[in-house]
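A.B. asks: input_7.cif (mmCIF, C-alpha atoms (C1' of nucleotides)) pasted underneath:
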```
data_upload
loop_
_atom_site.group_PDB
_atom_site.id
_atom_site.type_symbol
_atom_site.label_atom_id
_atom_site.label_comp_id
_atom_site.auth_asym_id
_atom_site.auth_seq_id
_atom_site.Cartn_x
_atom_site.Cartn_y
_atom_site.Cartn_z
ATOM 1 C CA MET A 1156 22.455 -34.434 -13.891
ATOM 2 C CA PRO A 1157 18.874 -35.397 -14.401
ATOM 3 C CA GLU A 1158 16.686 -32.341 -14.549
ATOM 4 C CA LEU A 1159 12.997 -32.303 -15.328
ATOM 5 C CA PRO A 1160 13.363 -33.093 -19.055
ATOM 6 C CA GLU A 1161 15.563 -36.083 -18.280
ATOM 7 C CA VAL A 1162 13.111 -37.366 -15.706
ATOM 8 C CA GLU A 1163 10.262 -36.928 -18.166
ATOM 9 C CA THR A 1164 12.301 -38.793 -20.770
ATOM 10 C CA VAL A 1165 12.899 -41.649 -18.349
ATOM 11 C CA CYS A 1166 9.188 -41.835 -17.516
ATOM 12 C CA ARG A 1167 8.230 -41.999 -21.171
ATOM 13 C CA GLY A 1168 10.982 -44.504 -21.813
ATOM 14 C CA ILE A 1169 10.054 -46.977 -19.112
ATOM 15 C CA GLU A 1170 6.283 -46.602 -19.375
ATOM 16 C CA PRO A 1171 5.668 -49.125 -22.173
ATOM 17 C CA HIS A 1172 7.902 -51.662 -20.432
ATOM 18 C CA VAL A 1173 6.429 -51.434 -16.957
ATOM 19 C CA SER A 1174 2.836 -50.308 -17.279
ATOM 20 C CA ALA A 1175 0.274 -52.952 -16.265
ATOM 21 C CA GLN A 1176 3.067 -55.328 -15.278
ATOM 22 C CA ARG A 1177 3.186 -57.191 -12.017
ATOM 23 C CA ILE A 1178 6.271 -56.924 -9.843
ATOM 24 C CA ALA A 1179 7.541 -60.459 -9.462
ATOM 25 C CA LYS A 1180 10.637 -59.877 -7.393
ATOM 26 C CA VAL A 1181 12.257 -56.989 -5.568
ATOM 27 C CA THR A 1182 15.938 -56.923 -4.669
ATOM 28 C CA VAL A 1183 17.457 -54.167 -2.577
ATOM 29 C CA ARG A 1184 21.258 -54.246 -2.601
ATOM 30 C CA ASP A 1185 21.989 -51.030 -0.790
ATOM 31 C CA ARG A 1186 19.396 -49.182 1.229
ATOM 32 C CA ARG A 1187 21.583 -46.110 1.676
ATOM 33 C CA MET A 1188 20.189 -43.260 -0.383
ATOM 34 C CA ARG A 1189 19.252 -39.731 0.600
ATOM 35 C CA TRP A 1190 16.915 -41.483 3.029
ATOM 36 C CA PRO A 1191 17.151 -45.217 3.615
ATOM 37 C CA ILE A 1192 15.022 -47.303 1.281
ATOM 38 C CA PRO A 1193 12.010 -48.293 3.423
ATOM 39 C CA ALA A 1194 12.453 -51.581 5.235
ATOM 40 C CA ASP A 1195 9.064 -52.819 4.074
ATOM 41 C CA LEU A 1196 9.609 -51.931 0.414
ATOM 42 C CA GLU A 1197 10.030 -55.519 -0.770
ATOM 43 C CA GLN A 1198 6.908 -56.651 1.013
ATOM 44 C CA ARG A 1199 4.858 -53.683 -0.194
ATOM 45 C CA LEU A 1200 5.919 -54.047 -3.841
ATOM 46 C CA THR A 1201 6.121 -57.769 -4.450
ATOM 47 C CA GLY A 1202 3.092 -59.099 -6.280
ATOM 48 C CA ARG A 1203 1.690 -55.642 -6.953
ATOM 49 C CA ARG A 1204 0.829 -54.408 -10.403
ATOM 50 C CA ILE A 1205 2.084 -51.091 -11.773
ATOM 51 C CA GLU A 1206 -0.998 -49.200 -12.881
ATOM 52 C CA GLN A 1207 0.474 -45.926 -14.008
ATOM 53 C CA VAL A 1208 3.748 -44.107 -14.565
ATOM 54 C CA SER A 1209 3.787 -40.370 -14.004
ATOM 55 C CA ARG A 1210 6.007 -37.534 -12.917
ATOM 56 C CA ARG A 1211 5.650 -34.736 -10.382
ATOM 57 C CA ALA A 1212 8.530 -32.257 -10.402
ATOM 58 C CA LYS A 1213 11.577 -34.524 -10.581
ATOM 59 C CA TYR A 1214 9.895 -37.430 -8.865
ATOM 60 C CA ILE A 1215 8.945 -40.520 -10.851
ATOM 61 C CA VAL A 1216 5.652 -41.816 -9.510
ATOM 62 C CA LEU A 1217 4.602 -45.440 -10.005
ATOM 63 C CA LEU A 1218 1.011 -46.052 -8.944
ATOM 64 C CA LEU A 1219 0.408 -49.595 -7.719
ATOM 65 C CA ASP A 1220 -2.792 -51.603 -7.618
ATOM 66 C CA SER A 1221 -2.598 -51.462 -3.825
ATOM 67 C CA GLY A 1222 -3.040 -47.719 -4.016
ATOM 68 C CA ASP A 1223 0.484 -47.157 -2.741
ATOM 69 C CA ARG A 1224 2.744 -45.047 -4.887
ATOM 70 C CA LEU A 1225 6.418 -45.663 -5.347
ATOM 71 C CA LEU A 1226 8.395 -42.432 -5.579
ATOM 72 C CA ILE A 1227 11.805 -42.446 -7.206
ATOM 73 C CA HIS A 1228 14.054 -39.399 -7.300
ATOM 74 C CA LEU A 1229 17.233 -39.649 -9.345
ATOM 75 C CA GLY A 1230 19.117 -36.964 -7.431
ATOM 76 C CA MET A 1231 22.323 -36.049 -9.194
ATOM 77 C CA SER A 1232 23.547 -39.316 -10.539
ATOM 78 C CA GLY A 1233 20.616 -41.710 -10.519
ATOM 79 C CA ARG A 1234 19.759 -43.913 -13.460
ATOM 80 C CA LEU A 1235 16.686 -46.017 -13.886
ATOM 81 C CA ARG A 1236 17.055 -48.529 -16.636
ATOM 82 C CA VAL A 1237 15.165 -51.260 -18.395
ATOM 83 C CA LEU A 1238 17.385 -54.301 -18.699
ATOM 84 C CA ALA A 1239 17.244 -57.974 -19.534
ATOM 85 C CA PRO A 1240 16.609 -60.095 -16.425
ATOM 86 C CA ASP A 1241 20.038 -61.699 -16.450
ATOM 87 C CA VAL A 1242 22.176 -58.560 -16.522
ATOM 88 C CA ALA A 1243 24.683 -58.754 -13.674
ATOM 89 C CA ALA A 1244 24.548 -56.098 -10.984
ATOM 90 C CA ILE A 1245 27.378 -53.587 -10.757
ATOM 91 C CA ARG A 1246 28.601 -51.118 -8.181
ATOM 92 C CA HIS A 1247 25.994 -48.652 -6.929
ATOM 93 C CA ASP A 1248 23.046 -50.730 -8.060
ATOM 94 C CA HIS A 1249 20.547 -50.091 -5.271
ATOM 95 C CA LEU A 1250 17.238 -51.536 -6.367
ATOM 96 C CA ASP A 1251 15.961 -54.160 -8.806
ATOM 97 C CA MET A 1252 12.380 -54.765 -9.737
ATOM 98 C CA LEU A 1253 11.870 -57.834 -11.856
ATOM 99 C CA LEU A 1254 8.566 -57.638 -13.663
ATOM 100 C CA ALA A 1255 6.290 -60.414 -14.883
ATOM 101 C CA ASN A 1256 7.209 -59.676 -18.514
ATOM 102 C CA ASP A 1257 10.874 -60.404 -17.703
ATOM 103 C CA VAL A 1258 11.818 -56.751 -17.728
ATOM 104 C CA LEU A 1259 14.316 -55.763 -15.086
ATOM 105 C CA LEU A 1260 13.919 -52.211 -13.828
ATOM 106 C CA ARG A 1261 17.150 -51.270 -12.091
ATOM 107 C CA LEU A 1262 18.147 -48.171 -10.149
ATOM 108 C CA ASN A 1263 21.814 -47.227 -9.979
ATOM 109 C CA ASP A 1264 22.941 -44.131 -8.068
ATOM 110 C CA PRO A 1265 26.633 -43.604 -7.279
ATOM 111 C CA ARG A 1266 26.230 -40.383 -5.315
ATOM 112 C CA ARG A 1267 23.133 -41.505 -3.448
ATOM 113 C CA PHE A 1268 21.449 -38.113 -3.641
ATOM 114 C CA GLY A 1269 18.455 -39.925 -5.021
ATOM 115 C CA ALA A 1270 15.613 -41.480 -3.085
ATOM 116 C CA VAL A 1271 13.169 -44.384 -3.123
ATOM 117 C CA LEU A 1272 10.083 -43.699 -1.055
ATOM 118 C CA LEU A 1273 6.575 -44.978 -0.549
ATOM 119 C CA TRP A 1274 3.564 -42.748 -0.641
ATOM 120 C CA ASP A 1275 0.959 -44.624 1.350
ATOM 121 C CA ALA A 1276 -2.398 -45.451 -0.157
ATOM 122 C CA GLY A 1277 -5.008 -43.195 1.330
ATOM 123 C CA ASP A 1278 -2.678 -40.313 2.065
ATOM 124 C CA ASP A 1279 -3.824 -37.296 0.121
ATOM 125 C CA ASP A 1280 -0.336 -36.052 -0.398
ATOM 126 C CA HIS A 1281 3.241 -36.887 0.340
ATOM 127 C CA GLU A 1282 5.188 -34.506 2.540
ATOM 128 C CA LEU A 1283 7.871 -33.994 -0.096
ATOM 129 C CA LEU A 1284 5.343 -33.139 -2.785
ATOM 130 C CA ALA A 1285 2.897 -31.174 -0.672
ATOM 131 C CA HIS A 1286 4.594 -27.806 -0.916
ATOM 132 C CA LEU A 1287 5.782 -27.882 -4.494
ATOM 133 C CA GLY A 1288 4.932 -25.089 -6.882
ATOM 134 C CA PRO A 1289 3.092 -25.675 -10.168
ATOM 135 C CA GLU A 1290 4.468 -27.639 -13.073
ATOM 136 C CA PRO A 1291 5.863 -25.278 -15.705
ATOM 137 C CA PHE A 1292 3.280 -26.580 -18.186
ATOM 138 C CA ASP A 1293 0.386 -25.828 -15.852
ATOM 139 C CA PRO A 1294 -1.679 -22.882 -17.151
ATOM 140 C CA ALA A 1295 -1.479 -21.440 -13.639
ATOM 141 C CA PHE A 1296 2.221 -20.918 -14.244
ATOM 142 C CA ASN A 1297 2.561 -17.655 -16.125
ATOM 143 C CA GLY A 1298 4.056 -14.195 -15.932
ATOM 144 C CA ASP A 1299 1.438 -12.815 -13.587
ATOM 145 C CA TYR A 1300 1.971 -15.702 -11.192
ATOM 146 C CA LEU A 1301 5.729 -15.106 -11.095
ATOM 147 C CA PHE A 1302 5.245 -11.377 -10.774
ATOM 148 C CA ASN A 1303 2.839 -11.732 -7.848
ATOM 149 C CA ARG A 1304 4.930 -14.313 -6.024
ATOM 150 C CA SER A 1305 8.105 -12.285 -6.396
ATOM 151 C CA ARG A 1306 6.953 -8.964 -4.931
ATOM 152 C CA GLY A 1307 9.144 -7.962 -2.030
ATOM 153 C CA ARG A 1308 11.718 -10.619 -2.663
ATOM 154 C CA ARG A 1309 15.247 -9.331 -2.702
ATOM 155 C CA GLY A 1310 17.031 -12.527 -3.617
ATOM 156 C CA ALA A 1311 18.312 -13.190 -7.122
ATOM 157 C CA VAL A 1312 15.706 -13.914 -9.759
ATOM 158 C CA LYS A 1313 17.621 -17.045 -10.683
ATOM 159 C CA ASN A 1314 17.249 -18.445 -7.179
ATOM 160 C CA PHE A 1315 13.611 -17.442 -7.231
ATOM 161 C CA VAL A 1316 12.761 -19.494 -10.311
ATOM 162 C CA MET A 1317 14.891 -22.398 -9.078
ATOM 163 C CA ASP A 1318 12.862 -22.523 -5.864
ATOM 164 C CA GLY A 1319 10.686 -25.621 -6.117
ATOM 165 C CA GLN A 1320 7.993 -23.940 -4.070
ATOM 166 C CA VAL A 1321 7.684 -21.308 -6.783
ATOM 167 C CA VAL A 1322 7.827 -23.564 -9.833
ATOM 168 C CA VAL A 1323 9.318 -27.006 -10.335
ATOM 169 C CA GLY A 1324 11.758 -28.087 -12.992
ATOM 170 C CA ALA A 1325 13.808 -24.937 -13.519
ATOM 171 C CA GLY A 1326 17.144 -26.475 -12.532
ATOM 172 C CA ASN A 1327 20.465 -24.753 -12.896
ATOM 173 C CA ILE A 1328 20.921 -25.370 -16.619
ATOM 174 C CA TYR A 1329 17.418 -24.455 -17.690
ATOM 175 C CA ALA A 1330 17.128 -21.458 -15.378
ATOM 176 C CA SER A 1331 20.274 -20.011 -16.953
ATOM 177 C CA GLU A 1332 19.025 -20.689 -20.457
ATOM 178 C CA ALA A 1333 15.547 -19.274 -19.837
ATOM 179 C CA LEU A 1334 16.985 -16.097 -18.292
ATOM 180 C CA PHE A 1335 19.170 -15.658 -21.348
ATOM 181 C CA ARG A 1336 16.246 -16.056 -23.712
ATOM 182 C CA ALA A 1337 14.219 -13.605 -21.648
ATOM 183 C CA GLY A 1338 17.084 -11.092 -21.556
ATOM 184 C CA ILE A 1339 17.196 -10.940 -17.757
ATOM 185 C CA ARG A 1340 20.402 -11.005 -15.733
ATOM 186 C CA PRO A 1341 20.395 -13.839 -13.196
ATOM 187 C CA GLY A 1342 21.559 -11.713 -10.273
ATOM 188 C CA ARG A 1343 18.747 -9.158 -10.356
ATOM 189 C CA ALA A 1344 16.458 -8.990 -7.341
ATOM 190 C CA ALA A 1345 13.356 -11.048 -8.069
ATOM 191 C CA GLY A 1346 11.144 -8.295 -6.705
ATOM 192 C CA ARG A 1347 12.484 -5.791 -9.217
ATOM 193 C CA VAL A 1348 11.762 -7.753 -12.351
ATOM 194 C CA SER A 1349 8.786 -6.323 -14.227
ATOM 195 C CA ARG A 1350 5.521 -8.008 -15.069
ATOM 196 C CA ALA A 1351 6.394 -7.908 -18.777
ATOM 197 C CA GLU A 1352 9.785 -9.487 -18.108
ATOM 198 C CA TYR A 1353 8.174 -12.250 -16.064
ATOM 199 C CA ALA A 1354 5.773 -12.920 -18.911
ATOM 200 C CA GLN A 1355 8.771 -13.536 -21.134
ATOM 201 C CA LEU A 1356 10.544 -15.554 -18.474
ATOM 202 C CA ALA A 1357 7.586 -17.850 -17.825
ATOM 203 C CA ARG A 1358 7.203 -18.429 -21.548
ATOM 204 C CA HIS A 1359 10.892 -19.229 -21.979
ATOM 205 C CA ILE A 1360 11.052 -21.546 -18.981
ATOM 206 C CA ARG A 1361 8.235 -23.522 -20.549
ATOM 207 C CA GLU A 1362 9.756 -23.436 -24.021
ATOM 208 C CA VAL A 1363 13.251 -24.370 -23.007
ATOM 209 C CA LEU A 1364 11.949 -27.340 -21.017
ATOM 210 C CA GLU A 1365 9.661 -28.413 -23.845
ATOM 211 C CA ALA A 1366 12.505 -28.245 -26.324
ATOM 212 C CA ALA A 1367 14.730 -30.279 -24.037
ATOM 213 C CA ILE A 1368 12.043 -32.917 -23.541
ATOM 214 C CA ARG A 1369 11.583 -33.172 -27.290
ATOM 215 C CA GLN A 1370 15.281 -33.868 -27.597
ATOM 216 C CA GLY A 1371 15.444 -36.298 -24.725
ATOM 217 C CA GLY A 1372 17.139 -34.038 -22.223
ATOM 218 C CA THR A 1373 20.546 -32.487 -22.023
ATOM 219 C CA THR A 1374 22.226 -35.420 -20.411
ATOM 220 C CA LEU A 1375 20.507 -38.404 -21.864
ATOM 221 C CA ARG A 1376 19.823 -41.003 -19.249
ATOM 222 C CA ASP A 1377 19.774 -44.121 -21.219
ATOM 223 C CA PHE A 1378 17.090 -46.426 -19.934
ATOM 224 C CA VAL A 1379 17.323 -49.257 -22.418
ATOM 225 C CA GLY A 1380 21.009 -49.927 -22.677
ATOM 226 C CA ALA A 1381 24.246 -49.426 -20.933
ATOM 227 C CA SER A 1382 25.942 -46.379 -22.351
ATOM 228 C CA GLY A 1383 25.192 -42.815 -21.430
ATOM 229 C CA HIS A 1384 25.778 -40.071 -23.922
ATOM 230 C CA ALA A 1385 24.970 -36.411 -24.221
ATOM 231 C CA GLY A 1386 21.387 -35.649 -25.141
ATOM 232 C CA TYR A 1387 20.803 -33.540 -28.198
ATOM 233 C CA PHE A 1388 19.771 -30.523 -26.210
ATOM 234 C CA GLN A 1389 23.407 -30.054 -25.191
ATOM 235 C CA GLN A 1390 24.174 -28.426 -28.526
ATOM 236 C CA ASP A 1391 21.387 -25.893 -28.061
ATOM 237 C CA LEU A 1392 22.773 -24.364 -24.883
ATOM 238 C CA SER A 1393 23.278 -20.633 -25.279
ATOM 239 C CA VAL A 1394 25.075 -19.759 -22.076
ATOM 240 C CA TYR A 1395 25.340 -22.704 -19.679
ATOM 241 C CA GLY A 1396 28.956 -23.811 -19.348
ATOM 242 C CA ARG A 1397 30.101 -21.381 -22.060
ATOM 243 C CA THR A 1398 32.267 -19.059 -19.951
ATOM 244 C CA LEU A 1399 34.260 -16.659 -22.139
ATOM 245 C CA GLN A 1400 32.890 -18.178 -25.308
ATOM 246 C CA PRO A 1401 31.159 -15.744 -27.672
ATOM 247 C CA CYS A 1402 27.450 -15.156 -27.249
ATOM 248 C CA ARG A 1403 25.659 -16.725 -30.195
ATOM 249 C CA THR A 1404 23.612 -13.541 -30.589
ATOM 250 C CA CYS A 1405 26.093 -10.694 -30.084
ATOM 251 C CA ALA A 1406 29.508 -12.353 -29.719
ATOM 252 C CA SER A 1407 30.188 -10.852 -26.286
ATOM 253 C CA PRO A 1408 32.076 -13.238 -24.009
ATOM 254 C CA ILE A 1409 29.719 -15.180 -21.752
ATOM 255 C CA LYS A 1410 30.208 -14.415 -18.071
ATOM 256 C CA ARG A 1411 30.159 -16.819 -15.163
ATOM 257 C CA LEU A 1412 28.845 -15.727 -11.796
ATOM 258 C CA VAL A 1413 28.274 -17.698 -8.612
ATOM 259 C CA ILE A 1414 24.794 -17.091 -7.232
ATOM 260 C CA GLY A 1415 23.615 -19.038 -4.221
ATOM 261 C CA GLN A 1416 26.580 -21.435 -4.410
ATOM 262 C CA ARG A 1417 25.807 -22.322 -8.003
ATOM 263 C CA SER A 1418 27.396 -21.377 -11.268
ATOM 264 C CA SER A 1419 25.335 -19.022 -13.342
ATOM 265 C CA PHE A 1420 26.078 -17.986 -16.885
ATOM 266 C CA TYR A 1421 24.852 -14.954 -18.784
ATOM 267 C CA CYS A 1422 25.577 -12.588 -21.634
ATOM 268 C CA PRO A 1423 26.417 -9.121 -20.271
ATOM 269 C CA THR A 1424 25.103 -7.502 -23.440
ATOM 270 C CA CYS A 1425 21.922 -9.430 -24.172
ATOM 271 C CA GLN A 1426 20.801 -9.651 -20.551
ATOM 272 C CA ARG A 1427 19.935 -6.584 -18.507
ATOM 273 C "C1'" DA B 832 8.963 -15.357 5.967
ATOM 274 C "C1'" DG B 833 12.774 -14.908 3.279
ATOM 275 C "C1'" DA B 834 17.647 -15.496 2.624
ATOM 276 C "C1'" DT B 835 21.726 -18.001 3.341
ATOM 277 C "C1'" DT B 836 24.577 -21.809 4.482
ATOM 278 C "C1'" DC B 837 25.486 -26.578 5.236
ATOM 279 C "C1'" DG B 838 25.767 -31.357 4.263
ATOM 280 C "C1'" DC B 839 25.219 -35.399 1.919
ATOM 281 C "C1'" DC B 840 28.194 -38.300 -1.939
ATOM 282 C "C1'" DT B 841 31.407 -40.115 -5.782
ATOM 283 C "C1'" DG B 842 33.185 -39.615 -10.438
ATOM 284 C "C1'" DA B 843 35.401 -36.800 -13.730
ATOM 285 C "C1'" DG B 844 38.926 -33.965 -14.941
ATOM 286 C "C1'" DA B 845 43.007 -31.143 -14.018
ATOM 287 C "C1'" DG B 846 47.517 -30.725 -12.314
ATOM 288 C "C1'" DC B 847 51.738 -32.685 -10.919
ATOM 289 C "C1'" DT C 10 50.598 -44.435 -14.514
ATOM 290 C "C1'" DG C 11 48.888 -42.858 -10.354
ATOM 291 C "C1'" DC C 12 48.078 -39.839 -6.856
ATOM 292 C "C1'" DT C 13 45.747 -35.618 -4.886
ATOM 293 C "C1'" DC C 14 42.767 -31.864 -5.335
ATOM 294 C "C1'" DT C 15 38.709 -29.435 -6.927
ATOM 295 C "C1'" DC C 16 34.325 -29.192 -8.662
ATOM 296 C "C1'" DA C 17 29.682 -30.546 -9.731
ATOM 297 C "C1'" DG C 18 24.903 -30.181 -7.820
ATOM 298 C "C1'" DG C 19 19.184 -31.353 -5.896
ATOM 299 C "C1'" DC C 20 17.256 -30.129 -2.158
ATOM 300 C "C1'" DG C 21 16.000 -30.726 2.768
ATOM 301 C "C1'" DA C 22 17.461 -28.985 7.185
ATOM 302 C "C1'" DA C 23 19.336 -25.729 10.050
ATOM 303 C "C1'" DT C 24 20.471 -21.130 10.931
ATOM 304 C "C1'" DC C 25 20.459 -16.246 10.520
#
```
Here is a file; write its structure as structure tokens.
C.D. replies:
Amino acid sequence: MPELPEVETVCRGIEPHVSAQRIAKVTVRDRRMRWPIPADLEQRLTGRRIEQVSRRAKYIVLLLDSGDRLLIHLGMSGRLRVLAPDVAAIRHDHLDMLLANDVLLRLNDPRRFGAVLLWDAGDDDHELLAHLGPEPFDPAFNGDYLFNRSRGRRGAVKNFVMDGQVVVGAGNIYASEALFRAGIRPGRAAGRVSRAEYAQLARHIREVLEAAIRQGGTTLRDFVGASGHAGYFQQDLSVYGRTLQPCRTCASPIKRLVIGQRSSFYCPTCQR
DNA sequence: AGATTCGCCTGAGAGC
DNA sequence: TGCTCTCAGGCGAATC
């Protein structure tokens, strides 16, 4: 499942192949995604040049010379890959962009939780990005910020940090890992976590995401090839998916708990 | 406003 | 081998 580090890895991976390239041909095979791929996508993209590749939360943002921005979200199962122009399409291939340098940028998404959207030139913001919280690497994201935002909130601290309006990029895996590193149980009420604990939590959210980006993500989304294999960060997971396995710090069995419909993992000894 | 639930999807893995 | 069942999960929308 692509989380922020995977999306960042994809952005860095495609950037040298697509930046400053003109889009020669656009093929949409299946418009059905989370929202339908816009009907005027082909017309708005064809002939345009890609000026910049960036990321906001888990959205890939391609800035075009028209001023429009193409937003791509990979959802749960999306893959964006750089291929040779003659690679045959397979099931669940939704979108092709053939670039002037003969690079084929192809989006495949079996579960269709992903999205392809246009952010119109001239619009200050896009509705889906307008209410997002800070990036975890933004200096504005720190312990005091989390502490202030969380006062009065009775929901679980794990849900709080996974809320994209609070901070982006702390998906299920990384939220669990950061809470472990900070020694905070995931089910605690967000409003009852101390300022000092939030300072640790903010630091660990940032660090765990940075470490994962350095290693190319937990689930490596292979953008220049066909095979997908586990990213190196997988082996660094302390609690996620390790139910009943011994804590690497204290050997207590890791517990699994469902919070807000999602699996959460924690060490009952190291986290309080 | 905050918290909770629902729904969208298909592939992987388990069980038989 | 092949079927059925369960689970996974980002995140917007609806509801409480």
A.B. asks: Name the residues that the PyMOL selection byres ((chain B) within 10 of (chain A)) picks from the file above, as a list in words, using the file's chain letters and numbers.
C.D. replies: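 Applying the expression gives DG833, DA834, DT835, DT836, DC839, DC840, DT841 and DG842 of chain B.
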A.B. asks: Residues picked by the PyMOL selection byres ((chain A) within 9 of (chain C)) here, as a list in words?
C.D. replies: Met1156, Gly1230, Met1231, Phe1268, Gly1269, Gly1319, Gly1326, Asn1327 and Arg1417 of chain A
A.B. asks: One number please: atom CA of Asp1318 of chain A to atom CA of Phe1292 of chain A, in Å, one decimal.
C.D. replies: 16.1 Å
A.B. asks: Just the number, please: distance in Å from atom CA of Arg1347 of chain A to atom CA of Phe1420 of chain A, one decimal.
C.D. replies: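 Atom-to-atom, atom CA of Arg1347 of chain A and atom CA of Phe1420 of chain A are spaced 19.8 Å apart.
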A.B. asks: Give me the residues near Ala1325 of chain A as a PyMOL selection string, where near means some atom within 9 Å (using all atoms listed in the file) and where sequence neighbours in that chain fewer than 5 positions away do not count.
C.D. replies: chain A and resi 1158-1159+1291+1316-1319+1330-1331+1333+1360+1364
A.B. asks: Need the shell around Thr1398 of chain A: protein/DNA/RNA residues with any atom at most 10 Å away, counting all atoms listed in the file. Skip same-chain ones fewer than 4 positions apart. Format as a VMD selection string?
C.D. replies: chain A and resid 1394 1402 1408 to 1412 1419 to 1422
A.B. asks: Any idea what the distance is between atom CA of Ala1337 of chain A and atom CA of Arg1403 of chain A?
C.D. replies: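 If I compute the distance from atom CA of Ala1337 of chain A to atom CA of Arg1403 of chain A, I get 14.6 Å.
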A.B. asks: Running the PyMOL selection byres ((chain A and resi 1236-1250) around 8) on this model by hand, what would come out? Give it as number ranges by chain.
C.D. replies: A: 1169, 1172, 1181-1186, 1234-1235, 1251-1253, 1257-1265, 1377-1380
A.B. asks: Dump N, CA and C atoms (P, O5', C5', C4', C3', O3' and C1' of nucleotides) of chain C from the given block, as a compact mmCIF listing (two decimals), in the first residue's frame.
C.D. replies:
```txt
# COMPACT_ATOMS: atom_id res chain seq x y z
P DT C 10 -1.85 -27.36 -8.97
O5' DT C 10 -3.35 -27.65 -9.31
C5' DT C 10 -3.77 -28.52 -10.34
C4' DT C 10 -5.26 -28.47 -10.29
C3' DT C 10 -5.82 -27.05 -10.49
O3' DT C 10 -6.95 -27.13 -11.35
C1' DT C 10 -6.55 -27.91 -8.41
P DG C 11 -7.61 -25.82 -11.91
O5' DG C 11 -8.75 -25.50 -10.85
C5' DG C 11 -9.73 -26.50 -10.57
C4' DG C 11 -10.65 -25.97 -9.50
C3' DG C 11 -10.93 -24.47 -9.60
O3' DG C 11 -12.31 -24.24 -9.35
C1' DG C 11 -10.17 -24.96 -7.46
P DC C 12 -13.07 -23.08 -10.02
O5' DC C 12 -14.04 -22.63 -8.83
C5' DC C 12 -14.91 -23.59 -8.25
C4' DC C 12 -14.93 -23.41 -6.76
C3' DC C 12 -15.36 -22.02 -6.30
O3' DC C 12 -16.74 -22.04 -5.98
C1' DC C 12 -13.59 -22.94 -4.96
P DT C 13 -17.50 -20.70 -5.68
O5' DT C 13 -17.22 -20.46 -4.13
C5' DT C 13 -17.51 -21.49 -3.19
C4' DT C 13 -17.10 -21.03 -1.81
C3' DT C 13 -17.56 -19.62 -1.45
O3' DT C 13 -18.13 -19.63 -0.15
C1' DT C 13 -15.23 -19.79 -1.15
P DC C 14 -18.89 -18.35 0.39
O5' DC C 14 -17.83 -17.80 1.45
C5' DC C 14 -17.29 -18.71 2.43
C4' DC C 14 -16.16 -18.02 3.17
C3' DC C 14 -16.47 -16.57 3.54
O3' DC C 14 -16.37 -16.41 4.95
C1' DC C 14 -14.34 -16.75 2.47
P DT C 15 -16.69 -14.99 5.60
O5' DT C 15 -15.22 -14.40 5.81
C5' DT C 15 -14.23 -15.23 6.42
C4' DT C 15 -12.92 -14.47 6.49
C3' DT C 15 -13.08 -13.01 6.93
O3' DT C 15 -12.11 -12.74 7.93
C1' DT C 15 -11.91 -13.12 4.88
P DC C 16 -12.19 -11.38 8.76
O5' DC C 16 -10.94 -10.61 8.16
C5' DC C 16 -9.69 -11.30 8.04
C4' DC C 16 -8.78 -10.50 7.15
C3' DC C 16 -8.76 -9.00 7.46
O3' DC C 16 -7.43 -8.63 7.78
C1' DC C 16 -9.00 -9.40 5.12
P DA C 17 -7.18 -7.28 8.55
O5' DA C 17 -6.48 -6.42 7.41
C5' DA C 17 -5.38 -6.95 6.69
C4' DA C 17 -5.19 -6.13 5.45
C3' DA C 17 -5.37 -4.63 5.69
O3' DA C 17 -4.09 -4.01 5.72
C1' DA C 17 -6.48 -5.39 3.68
P DG C 18 -3.87 -2.86 6.72
O5' DG C 18 -4.40 -1.63 5.87
C5' DG C 18 -3.76 -1.28 4.65
C4' DG C 18 -4.69 -0.37 3.89
C3' DG C 18 -5.24 0.81 4.73
O3' DG C 18 -5.03 2.01 4.02
C1' DG C 18 -6.94 -0.25 3.56
P DG C 19 -4.18 3.12 4.77
O5' DG C 19 -4.44 4.31 3.76
C5' DG C 19 -3.98 4.22 2.41
C4' DG C 19 -4.67 5.28 1.58
C3' DG C 19 -4.85 6.62 2.26
O3' DG C 19 -4.76 7.61 1.23
C1' DG C 19 -6.97 5.66 1.86
P DC C 20 -4.88 9.14 1.60
O5' DC C 20 -6.44 9.41 1.69
C5' DC C 20 -7.22 9.33 0.52
C4' DC C 20 -8.66 9.48 0.93
C3' DC C 20 -8.94 10.59 1.97
O3' DC C 20 -9.99 11.35 1.49
C1' DC C 20 -10.10 8.66 2.50
P DG C 21 -9.97 12.88 1.40
O5' DG C 21 -11.37 13.18 0.71
C5' DG C 21 -11.68 12.59 -0.54
C4' DG C 21 -13.12 12.15 -0.55
C3' DG C 21 -14.10 13.20 -0.03
O3' DG C 21 -15.23 13.18 -0.89
C1' DG C 21 -14.35 11.21 1.21
P DA C 22 -16.40 14.23 -0.75
O5' DA C 22 -17.51 13.35 -0.04
C5' DA C 22 -17.95 12.16 -0.69
C4' DA C 22 -19.05 11.53 0.13
C3' DA C 22 -20.07 12.53 0.68
O3' DA C 22 -21.36 12.03 0.41
C1' DA C 22 -19.16 11.22 2.45
P DA C 23 -22.64 12.85 0.80
O5' DA C 23 -23.19 12.00 2.04
C5' DA C 23 -23.33 10.60 1.93
C4' DA C 23 -23.63 10.01 3.29
C3' DA C 23 -24.72 10.78 4.06
O3' DA C 23 -25.68 9.87 4.53
C1' DA C 23 -22.78 10.52 5.40
P DT C 24 -26.99 10.38 5.28
O5' DT C 24 -26.68 9.98 6.79
C5' DT C 24 -26.15 8.70 7.09
C4' DT C 24 -25.69 8.68 8.53
C3' DT C 24 -26.67 9.33 9.52
O3' DT C 24 -27.01 8.40 10.51
C1' DT C 24 -24.45 10.08 9.90
P DC C 25 -28.19 8.69 11.53
O5' DC C 25 -27.36 8.82 12.89
C5' DC C 25 -26.44 7.79 13.26
C4' DC C 25 -25.54 8.31 14.36
C3' DC C 25 -26.30 8.94 15.53
O3' DC C 25 -25.82 8.35 16.74
C1' DC C 25 -24.58 10.39 14.79
```
